[in-house]
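A.B. asks: I have a structure here, written as structure tokens, and I will follow up with some questions on it.
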Amino acid sequence: MHAVRGYNPRTVVLERLSFMTIAIDFETYYSDTYSIDLFGPDGYCAHPQFDPYHISAYDGKPENGSPVFSYTGLPQSFPWERLNGADVVSHNARFDETVFLEMQKRNWAPKNVKPRSWQCTADLSVYLDAPRNLKGAALALLDVPPMDKTIRDRMKNKTPEMMRGKTGMMEEVAGYALKDAMYCWEIWDKYASQWPETERRVSQLNRDWGRRGVMVDTKLLAEYRGKLLEARFNAEKDIPWEWDPEKTPLAPKSLAIECRNAGIPCPGSLAVDDEECMAWENEYGDKYKWVGAMRDWRRSNILLKKIETLRRRVRTDGTFPFSLKYWGAHTGRFSGDAGFNMQNMPRNEVFGVDVRRLFIPRPGKKMLIADFSQIEARLLLWVAGDTKTLDAIRRGLHVYEAHAVNTMGYDSKRGPLKTTDPDLYKLAKARVLGAGYGCGGPKFVVVAKKMAGVELSLEQGVAAVKQYRADNPRIVNLWAKLNAGLLWSRGTEEKPQDYEIELQSGRSLKFYRVHTGTDACAYLERGGTRPVKLFGGKLCENVIQALARDVFVTNMLKLDDAGYQNMFHAHDEYVLEVEPDVDVKEVERIITTNPDWLSGCPLGAELMLTDCYKK
DNA sequence: GCTACGAGCGCC
DNA sequence: AAAGGGCGCTCGTAGC
């Protein structure tokens with residue numbers, strides 16, 4: 001390997017190989033008031049303070065007997081043509097590629113240089129169940145000693161000029177940066193072959209779509225901001241104690257003191273669905289508005305912060321660039337990222353604000369929102385082998401009704417269950433959505449209320465769970481099977497073993513170092529540090545979630561193949577930007593086409609052609 | 001002063 | 001023996 005002796009950029013090139021994989025890592029100025037956290041990767045790069053003062057590059061494979069190319073130094077002296085036609089990799093390519101594109105835009109890098117591809121080793125790492133951050137990934141995947149990241153912290157608030165003023169600091173940065181590029185390259189070199197082509201494409205498209213962004217109704221945004229400031233202000237009127245105007249009135253201590261002064265008990269929890277808190281509200285809520293006010297303050301504030309983030313990040317063309325984390329969950333699902341979560345916007349209007357309405361198609365386009373219908377419930381039936389219920393669904397029965405027909409004695413000749421027996425329909429819905437993963441009686445009461453609006457007593461909840469299990473032996477059997485595998489795999493206390501569940505979609509779910517405490521525990525990450533309790537129902541849910549994700553992603557690629565523009569998505573919902581005369585039936589056909597591995601499971605989808613995002 | 005973690009609340 | 005699961009963001013507090 002190459003030692004880095006000084007900060008002077010050093011380049012070793014004998015010949016340029018075509019289709020070379022080269023790892024790239026940028027160092028850029030950041031501070032307390034100017035950071036990716038605040039502006040997102042795109043806003044950060046487009047910002048006036050944007051300063052990519054260092055680049056490191058590494059291509060470690062001496063092919064054709066040529067020497068390793070490595071560079072760590074000023075971008076001004078970087079041989080950019082090396083990237084032309086190359087396969088570039090970065091650890092968090094969402095950032096580094098954006099930096100590069102912005103540099104080209106500003107003529108800081110030649111505009112004619114075009115990499116053949118740009119892949120992300122952070123995405124590769126999480127696909128392999130390793131940590132997303134480079135330090136953790138290198139430790140888990142390369143078995144190298146933990147990297148020292150303290151220099152990264154010291155770089156905060158420091159311009160390159162300031163760093164050059166400190167003896168040895170730039171050299172330290174150069175060494176650190178090159179090491180990052182080397183580890184990134186090593187991870188790619190060692191593991192890329194384990195990353196399927198389709199997954200690479202998902203990772204790449206995910207970054208492209210986020211960078212492209214979604215159009216925002218900026219006028220409505222301003223209106224919403226006003227409403228939320230007002231809502232928060234109104235909540236403040238009912239909070240009697242003093243607080244730092246720079247901060248929030250949410251300190252539990254203040255509430256406790258206020259309650260004591262009033263001679264009343266203080267609720268142990270402030271959560272809306274907490275029983276004790278509900279009792280407190282019934283008893284004291286009319287006279288003492290604090291708890292409700294704190295809740296309103298919190299909820300309006302959370303929404304306001306979301307609005308402020310949007311306002312800060314919307315580009316001059318009205319679009320909002322965002323990020324979704326590829327493989328954010330160990331099941332493979334995407335998750336929110338970079339300060340704005342596209343996957344958890346409120347479904348309903350709150351404080352006069354419907355956040356979803358802010359997202360609109362570009363001028364002349366329409367938005368097509370397409371949801372899978374109960375995909376997890378269908379996949380559960382499919383994995384468990386309940387062909388009878390699946391057949392009923394294929395014949396056109398709603399999933400909940402098919403469940404009622406096959407396990408609750410409903411006769412579908414009587415007509416649609418939803419209208420003939422609304423209570424039974426609701427109970428069927430609660431069972432399908434809530435009882436399929438080993439949920440117990442007390443929890444089922446809560447879940448049934450939340451998911452199906454059914455009010456059950458504890459006794460009824462317990463009975464419902466018992467009845468569900470008796471009526472659905474295949475599903476119960478599936479839990480048992482997964483649990484047996486877990487117990488079989490866990491090895492011994494001294495020598496824990498990994499548990500691998502092969503999925504029908506062709507990949508595996510892995511649980512690392514399964515061991516026994518009071519329960520069977522395992523780590524979800526290679527080299528993970530936080531064990532989670534496992535049991536059949538939970539494993540079952542993980543399996544179903546993973547399969548649903550695979551169906552979702554497979555058909556997302558098919559949509560892309562067919563030329564449909566994805567904007568963003570949320571687990572089982574695609575949000576597309578389409579021509580007004582789009583063939584909705586064609587889109588539905590693509591979405592409900594079964595992947596090769598999924599035969600015999602009827603898929604369904606609901607599509608909505610609209611002028612804004614909505615539920 | 002920073003990190004870690006739980007509470008609270010939003011989603012699928 | 002029984003146990004629904006998967007996330008992110010904001011905030012407060014504890015612990016270093």
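If you're wondering about the labels, chains in the structure tokens are A, B, ... by order shown, residues count from 1 in each chain, ligands from 1 in order shown.
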Go through stretch 304-361 of chain A and collect every residue that DSSP, computed from the backbone, puts in strand (DSSP E); the answer should be as a list in words.
C.D. replies: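 Output for stretch 304-361 of chain A, strand (DSSP E) only: Thr319, Phe320, Leu324, Lys325, Ser335, Gly336, Phe359 and Ile360 of chain A.
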A.B. asks: Hey, list the chain C side of the contact with chain A: 6 Å cut-off, only C-alpha atoms (C1' of nucleotides), answer as a list in words.
C.D. replies: DG4, DG5, DC7 and DG8 of chain C
A.B. asks: How would the residues just picked look written out with all heavy atoms as a PDB file, in the first residue's frame?
C.D. replies:
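File produced: part_18.pdb:
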```pdb
ATOM      1  P    DG C   4     -47.817  -9.463  21.694  1.00  0.00           P
ATOM      2  OP1  DG C   4     -48.105  -8.108  22.156  1.00  0.00           O
ATOM      3  OP2  DG C   4     -48.671 -10.586  22.024  1.00  0.00           O
ATOM      4  O5'  DG C   4     -47.632  -9.444  20.125  1.00  0.00           O
ATOM      5  C5'  DG C   4     -46.790  -8.473  19.538  1.00  0.00           C
ATOM      6  C4'  DG C   4     -46.368  -8.991  18.196  1.00  0.00           C
ATOM      7  O4'  DG C   4     -47.497  -8.967  17.301  1.00  0.00           O
ATOM      8  C3'  DG C   4     -45.320  -8.104  17.547  1.00  0.00           C
ATOM      9  O3'  DG C   4     -44.053  -8.545  17.952  1.00  0.00           O
ATOM     10  C2'  DG C   4     -45.550  -8.405  16.051  1.00  0.00           C
ATOM     11  C1'  DG C   4     -47.083  -8.561  16.007  1.00  0.00           C
ATOM     12  N9   DG C   4     -47.790  -7.332  15.657  1.00  0.00           N
ATOM     13  C8   DG C   4     -48.648  -6.609  16.435  1.00  0.00           C
ATOM     14  N7   DG C   4     -49.093  -5.545  15.853  1.00  0.00           N
ATOM     15  C5   DG C   4     -48.500  -5.562  14.604  1.00  0.00           C
ATOM     16  C6   DG C   4     -48.606  -4.656  13.515  1.00  0.00           C
ATOM     17  O6   DG C   4     -49.293  -3.638  13.450  1.00  0.00           O
ATOM     18  N1   DG C   4     -47.842  -5.055  12.449  1.00  0.00           N
ATOM     19  C2   DG C   4     -47.043  -6.177  12.416  1.00  0.00           C
ATOM     20  N2   DG C   4     -46.356  -6.401  11.311  1.00  0.00           N
ATOM     21  N3   DG C   4     -46.936  -7.025  13.425  1.00  0.00           N
ATOM     22  C4   DG C   4     -47.684  -6.661  14.471  1.00  0.00           C
ATOM     23  P    DG C   5     -42.883  -7.532  18.216  1.00  0.00           P
ATOM     24  OP1  DG C   5     -41.762  -8.252  18.836  1.00  0.00           O
ATOM     25  OP2  DG C   5     -43.435  -6.316  18.833  1.00  0.00           O
ATOM     26  O5'  DG C   5     -42.513  -7.182  16.719  1.00  0.00           O
ATOM     27  C5'  DG C   5     -41.998  -8.207  15.882  1.00  0.00           C
ATOM     28  C4'  DG C   5     -41.915  -7.697  14.480  1.00  0.00           C
ATOM     29  O4'  DG C   5     -43.215  -7.234  14.066  1.00  0.00           O
ATOM     30  C3'  DG C   5     -41.034  -6.456  14.319  1.00  0.00           C
ATOM     31  O3'  DG C   5     -39.697  -6.856  14.145  1.00  0.00           O
ATOM     32  C2'  DG C   5     -41.582  -5.857  13.034  1.00  0.00           C
ATOM     33  C1'  DG C   5     -43.051  -6.221  13.084  1.00  0.00           C
ATOM     34  N9   DG C   5     -43.903  -5.098  13.445  1.00  0.00           N
ATOM     35  C8   DG C   5     -44.495  -4.821  14.651  1.00  0.00           C
ATOM     36  N7   DG C   5     -45.203  -3.725  14.634  1.00  0.00           N
ATOM     37  C5   DG C   5     -45.062  -3.255  13.339  1.00  0.00           C
ATOM     38  C6   DG C   5     -45.604  -2.097  12.717  1.00  0.00           C
ATOM     39  O6   DG C   5     -46.336  -1.229  13.208  1.00  0.00           O
ATOM     40  N1   DG C   5     -45.210  -1.997  11.391  1.00  0.00           N
ATOM     41  C2   DG C   5     -44.402  -2.900  10.739  1.00  0.00           C
ATOM     42  N2   DG C   5     -44.124  -2.643   9.460  1.00  0.00           N
ATOM     43  N3   DG C   5     -43.905  -3.981  11.308  1.00  0.00           N
ATOM     44  C4   DG C   5     -44.272  -4.090  12.600  1.00  0.00           C
ATOM     45  P    DC C   7     -35.727  -1.959  11.393  1.00  0.00           P
ATOM     46  OP1  DC C   7     -34.405  -2.476  11.087  1.00  0.00           O
ATOM     47  OP2  DC C   7     -36.117  -1.647  12.786  1.00  0.00           O
ATOM     48  O5'  DC C   7     -35.992  -0.702  10.480  1.00  0.00           O
ATOM     49  C5'  DC C   7     -35.844   0.600  10.996  1.00  0.00           C
ATOM     50  C4'  DC C   7     -36.655   1.531  10.141  1.00  0.00           C
ATOM     51  O4'  DC C   7     -38.058   1.304  10.399  1.00  0.00           O
ATOM     52  C3'  DC C   7     -36.415   2.983  10.455  1.00  0.00           C
ATOM     53  O3'  DC C   7     -35.367   3.440   9.619  1.00  0.00           O
ATOM     54  C2'  DC C   7     -37.731   3.627  10.083  1.00  0.00           C
ATOM     55  C1'  DC C   7     -38.761   2.539  10.358  1.00  0.00           C
ATOM     56  N1   DC C   7     -39.515   2.694  11.628  1.00  0.00           N
ATOM     57  C2   DC C   7     -40.420   3.756  11.757  1.00  0.00           C
ATOM     58  O2   DC C   7     -40.556   4.531  10.807  1.00  0.00           O
ATOM     59  N3   DC C   7     -41.110   3.893  12.908  1.00  0.00           N
ATOM     60  C4   DC C   7     -40.921   3.028  13.906  1.00  0.00           C
ATOM     61  N4   DC C   7     -41.633   3.199  15.020  1.00  0.00           N
ATOM     62  C5   DC C   7     -40.000   1.945  13.814  1.00  0.00           C
ATOM     63  C6   DC C   7     -39.319   1.811  12.666  1.00  0.00           C
ATOM     64  P    DG C   8     -34.389   4.542  10.200  1.00  0.00           P
ATOM     65  OP1  DG C   8     -33.332   4.738   9.176  1.00  0.00           O
ATOM     66  OP2  DG C   8     -34.022   4.223  11.580  1.00  0.00           O
ATOM     67  O5'  DG C   8     -35.332   5.812  10.211  1.00  0.00           O
ATOM     68  C5'  DG C   8     -35.854   6.310   8.979  1.00  0.00           C
ATOM     69  C4'  DG C   8     -36.362   7.724   9.172  1.00  0.00           C
ATOM     70  O4'  DG C   8     -37.532   7.697  10.021  1.00  0.00           O
ATOM     71  C3'  DG C   8     -35.374   8.650   9.852  1.00  0.00           C
ATOM     72  O3'  DG C   8     -35.519   9.938   9.262  1.00  0.00           O
ATOM     73  C2'  DG C   8     -35.791   8.629  11.313  1.00  0.00           C
ATOM     74  C1'  DG C   8     -37.288   8.414  11.223  1.00  0.00           C
ATOM     75  N9   DG C   8     -37.844   7.599  12.310  1.00  0.00           N
ATOM     76  C8   DG C   8     -37.374   6.396  12.774  1.00  0.00           C
ATOM     77  N7   DG C   8     -38.081   5.902  13.758  1.00  0.00           N
ATOM     78  C5   DG C   8     -39.082   6.841  13.948  1.00  0.00           C
ATOM     79  C6   DG C   8     -40.149   6.859  14.893  1.00  0.00           C
ATOM     80  O6   DG C   8     -40.426   6.025  15.751  1.00  0.00           O
ATOM     81  N1   DG C   8     -40.932   8.005  14.756  1.00  0.00           N
ATOM     82  C2   DG C   8     -40.718   8.995  13.830  1.00  0.00           C
ATOM     83  N2   DG C   8     -41.573  10.016  13.848  1.00  0.00           N
ATOM     84  N3   DG C   8     -39.734   8.990  12.955  1.00  0.00           N
ATOM     85  C4   DG C   8     -38.946   7.881  13.066  1.00  0.00           C
TER      86       DG C   8
END
```
A.B. asks: So what do you get for atom CA of A:Lys366 versus atom CA of A:Lys615, distance-wise?
C.D. replies: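 Going from atom CA of A:Lys366 over to atom CA of A:Lys615 covers 15.6 Å.
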A.B. asks: How far is it from atom CA of A:Ser300 to atom CA of A:Asn348, in Å with one decimal?
C.D. replies: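 Computing it gives 13.6 Å between the two atoms.
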A.B. asks: Please check the contacts: residues of chain B at most 9 Å away from chain A, using only C-alpha atoms (C1' of nucleotides), listed as a PyMOL selection string.
C.D. replies: chain B and resi 7-12
A.B. asks: Could you list, as a ChimeraX atom specification, every residue within 6 Å of A:Gly318, counting only C-alpha atoms (C1' of nucleotides) and ignoring same-chain residues fewer than 2 positions away?
C.D. replies: /A:215-216,314-316
A.B. asks: What does the file look like for those residues with all heavy atoms, as a short mmCIF file (atom, residue, chain, number, x, y, z; two decimals), in the first residue's frame?
C.D. replies:
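The new file out-v9.cif reads:
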```cif
data_model
loop_
_atom_site.label_atom_id
_atom_site.label_comp_id
_atom_site.auth_asym_id
_atom_site.auth_seq_id
_atom_site.Cartn_x
_atom_site.Cartn_y
_atom_site.Cartn_z
N MET A 215 -41.95 18.03 -7.02
CA MET A 215 -42.42 19.42 -7.04
C MET A 215 -43.23 19.73 -5.80
O MET A 215 -44.00 18.89 -5.34
CB MET A 215 -43.26 19.61 -8.31
CG MET A 215 -43.69 21.03 -8.58
SD MET A 215 -42.36 22.11 -9.07
CE MET A 215 -42.28 21.90 -10.81
N VAL A 216 -43.04 20.94 -5.28
CA VAL A 216 -43.76 21.35 -4.07
C VAL A 216 -44.60 22.59 -4.38
O VAL A 216 -44.19 23.47 -5.13
CB VAL A 216 -42.75 21.64 -2.94
CG1 VAL A 216 -43.40 22.46 -1.83
CG2 VAL A 216 -42.20 20.34 -2.38
N VAL A 314 -36.33 23.52 -0.72
CA VAL A 314 -36.94 23.63 -2.05
C VAL A 314 -36.03 24.45 -2.96
O VAL A 314 -35.53 25.50 -2.57
CB VAL A 314 -38.34 24.29 -1.95
CG1 VAL A 314 -38.82 24.70 -3.32
CG2 VAL A 314 -39.33 23.33 -1.33
N ARG A 315 -35.80 23.93 -4.17
CA ARG A 315 -34.93 24.62 -5.11
C ARG A 315 -35.69 25.74 -5.83
O ARG A 315 -36.92 25.82 -5.73
CB ARG A 315 -34.38 23.62 -6.13
CG ARG A 315 -33.45 22.60 -5.50
CD ARG A 315 -32.90 21.60 -6.51
NE ARG A 315 -33.87 20.59 -6.90
CZ ARG A 315 -33.56 19.30 -7.11
NH1 ARG A 315 -32.31 18.88 -6.96
NH2 ARG A 315 -34.48 18.44 -7.48
N THR A 316 -34.96 26.56 -6.56
CA THR A 316 -35.61 27.71 -7.21
C THR A 316 -36.64 27.26 -8.24
O THR A 316 -37.58 27.98 -8.54
CB THR A 316 -34.58 28.62 -7.89
OG1 THR A 316 -33.69 27.80 -8.65
CG2 THR A 316 -33.79 29.40 -6.86
#
```
A.B. asks: Report the residues of stretch 435-614 of chain A whose backbone DSSP state falls under alpha helix (DSSP H), written as an mmCIF file with C-alpha atoms, in the first residue's frame.
C.D. replies:
```
data_model
loop_
_atom_site.group_PDB
_atom_site.id
_atom_site.type_symbol
_atom_site.label_atom_id
_atom_site.label_comp_id
_atom_site.auth_asym_id
_atom_site.auth_seq_id
_atom_site.Cartn_x
_atom_site.Cartn_y
_atom_site.Cartn_z
ATOM 1 C CA GLY A 441 -54.639 -11.197 23.583
ATOM 2 C CA PRO A 442 -53.917 -7.884 25.355
ATOM 3 C CA LYS A 443 -51.872 -6.592 22.443
ATOM 4 C CA PHE A 444 -54.563 -7.692 20.014
ATOM 5 C CA VAL A 445 -57.054 -5.434 21.775
ATOM 6 C CA VAL A 446 -54.802 -2.473 21.023
ATOM 7 C CA VAL A 447 -53.969 -3.565 17.483
ATOM 8 C CA ALA A 448 -57.616 -4.317 16.609
ATOM 9 C CA LYS A 449 -58.620 -0.860 17.759
ATOM 10 C CA LYS A 450 -55.866 0.846 15.821
ATOM 11 C CA MET A 451 -56.057 -1.133 12.605
ATOM 12 C CA ALA A 452 -59.735 -1.984 12.315
ATOM 13 C CA LEU A 458 -59.524 -8.092 27.281
ATOM 14 C CA GLU A 459 -61.537 -11.314 27.433
ATOM 15 C CA GLN A 460 -62.755 -10.837 23.884
ATOM 16 C CA GLY A 461 -59.219 -10.106 22.731
ATOM 17 C CA VAL A 462 -57.857 -13.236 24.325
ATOM 18 C CA ALA A 463 -60.704 -15.296 22.889
ATOM 19 C CA ALA A 464 -60.246 -13.785 19.422
ATOM 20 C CA VAL A 465 -56.550 -14.689 19.372
ATOM 21 C CA LYS A 466 -57.279 -18.205 20.565
ATOM 22 C CA GLN A 467 -59.964 -18.628 17.946
ATOM 23 C CA TYR A 468 -57.746 -17.222 15.186
ATOM 24 C CA ARG A 469 -55.005 -19.706 16.001
ATOM 25 C CA ALA A 470 -57.452 -22.583 16.060
ATOM 26 C CA ASP A 471 -58.875 -21.481 12.700
ATOM 27 C CA PRO A 473 -53.326 -23.965 11.701
ATOM 28 C CA ARG A 474 -51.160 -23.348 8.635
ATOM 29 C CA ILE A 475 -50.073 -19.941 9.886
ATOM 30 C CA VAL A 476 -49.492 -21.172 13.419
ATOM 31 C CA ASN A 477 -47.496 -23.993 11.915
ATOM 32 C CA LEU A 478 -45.383 -21.505 10.016
ATOM 33 C CA TRP A 479 -44.493 -19.699 13.244
ATOM 34 C CA ALA A 480 -43.598 -23.001 14.829
ATOM 35 C CA LYS A 481 -41.436 -23.995 11.912
ATOM 36 C CA LEU A 482 -39.512 -20.719 11.983
ATOM 37 C CA ASN A 483 -39.146 -20.961 15.720
ATOM 38 C CA ALA A 484 -37.877 -24.524 15.497
ATOM 39 C CA GLY A 485 -35.264 -23.382 12.993
ATOM 40 C CA LEU A 486 -34.228 -20.670 15.378
ATOM 41 C CA LEU A 487 -33.801 -23.053 18.276
ATOM 42 C CA TRP A 488 -32.011 -25.540 16.071
ATOM 43 C CA SER A 489 -29.597 -22.885 14.825
ATOM 44 C CA GLY A 536 -41.672 -17.536 15.616
ATOM 45 C CA GLY A 537 -44.257 -14.801 15.119
ATOM 46 C CA LYS A 538 -41.616 -12.133 14.805
ATOM 47 C CA LEU A 539 -39.544 -14.150 12.370
ATOM 48 C CA CYS A 540 -42.690 -14.741 10.371
ATOM 49 C CA GLU A 541 -43.393 -11.026 10.182
ATOM 50 C CA ASN A 542 -39.811 -10.355 9.087
ATOM 51 C CA VAL A 543 -40.092 -12.960 6.353
ATOM 52 C CA ILE A 544 -43.363 -11.524 5.052
ATOM 53 C CA GLN A 545 -42.085 -7.971 5.189
ATOM 54 C CA ALA A 546 -38.968 -9.009 3.277
ATOM 55 C CA LEU A 547 -40.978 -10.798 0.601
ATOM 56 C CA ALA A 548 -43.342 -7.847 0.236
ATOM 57 C CA ARG A 549 -40.317 -5.637 -0.246
ATOM 58 C CA ASP A 550 -38.966 -7.913 -2.930
ATOM 59 C CA VAL A 551 -42.269 -7.902 -4.824
ATOM 60 C CA PHE A 552 -42.408 -4.139 -4.500
ATOM 61 C CA VAL A 553 -38.881 -3.602 -5.795
ATOM 62 C CA THR A 554 -39.182 -6.125 -8.622
ATOM 63 C CA ASN A 555 -42.200 -4.319 -10.010
ATOM 64 C CA MET A 556 -40.652 -0.919 -9.375
ATOM 65 C CA LEU A 557 -37.935 -1.931 -11.824
ATOM 66 C CA LYS A 558 -40.573 -3.127 -14.266
ATOM 67 C CA LEU A 559 -42.241 0.272 -14.048
ATOM 68 C CA ASP A 560 -38.895 1.887 -14.770
ATOM 69 C CA ASP A 561 -38.318 -0.484 -17.684
ATOM 70 C CA VAL A 584 -53.670 3.489 -15.838
ATOM 71 C CA LYS A 585 -54.732 -0.070 -16.617
ATOM 72 C CA GLU A 586 -51.331 -0.748 -18.130
ATOM 73 C CA VAL A 587 -49.619 0.508 -14.973
ATOM 74 C CA GLU A 588 -51.924 -1.652 -12.865
ATOM 75 C CA ARG A 589 -51.062 -4.652 -15.008
ATOM 76 C CA ILE A 590 -47.340 -4.099 -14.465
ATOM 77 C CA ILE A 591 -47.764 -3.654 -10.732
#
```
A.B. asks: Given only C-alpha atoms (C1' of nucleotides) as the basis, pick out the residue of A:Phe359, A:Tyr127, A:Tyr53, A:Trp297 nearest to C:DT10.
C.D. replies: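 Nearest candidate to C:DT10 out of A:Phe359, A:Tyr127, A:Tyr53, A:Trp297: A:Trp297.
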A.B. asks: Could you tell me how far atom CA of A:Thr407 sits from atom CA of A:Arg395, in Å to one decimal place?
C.D. replies: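 These atoms are spaced 16.9 Å apart.
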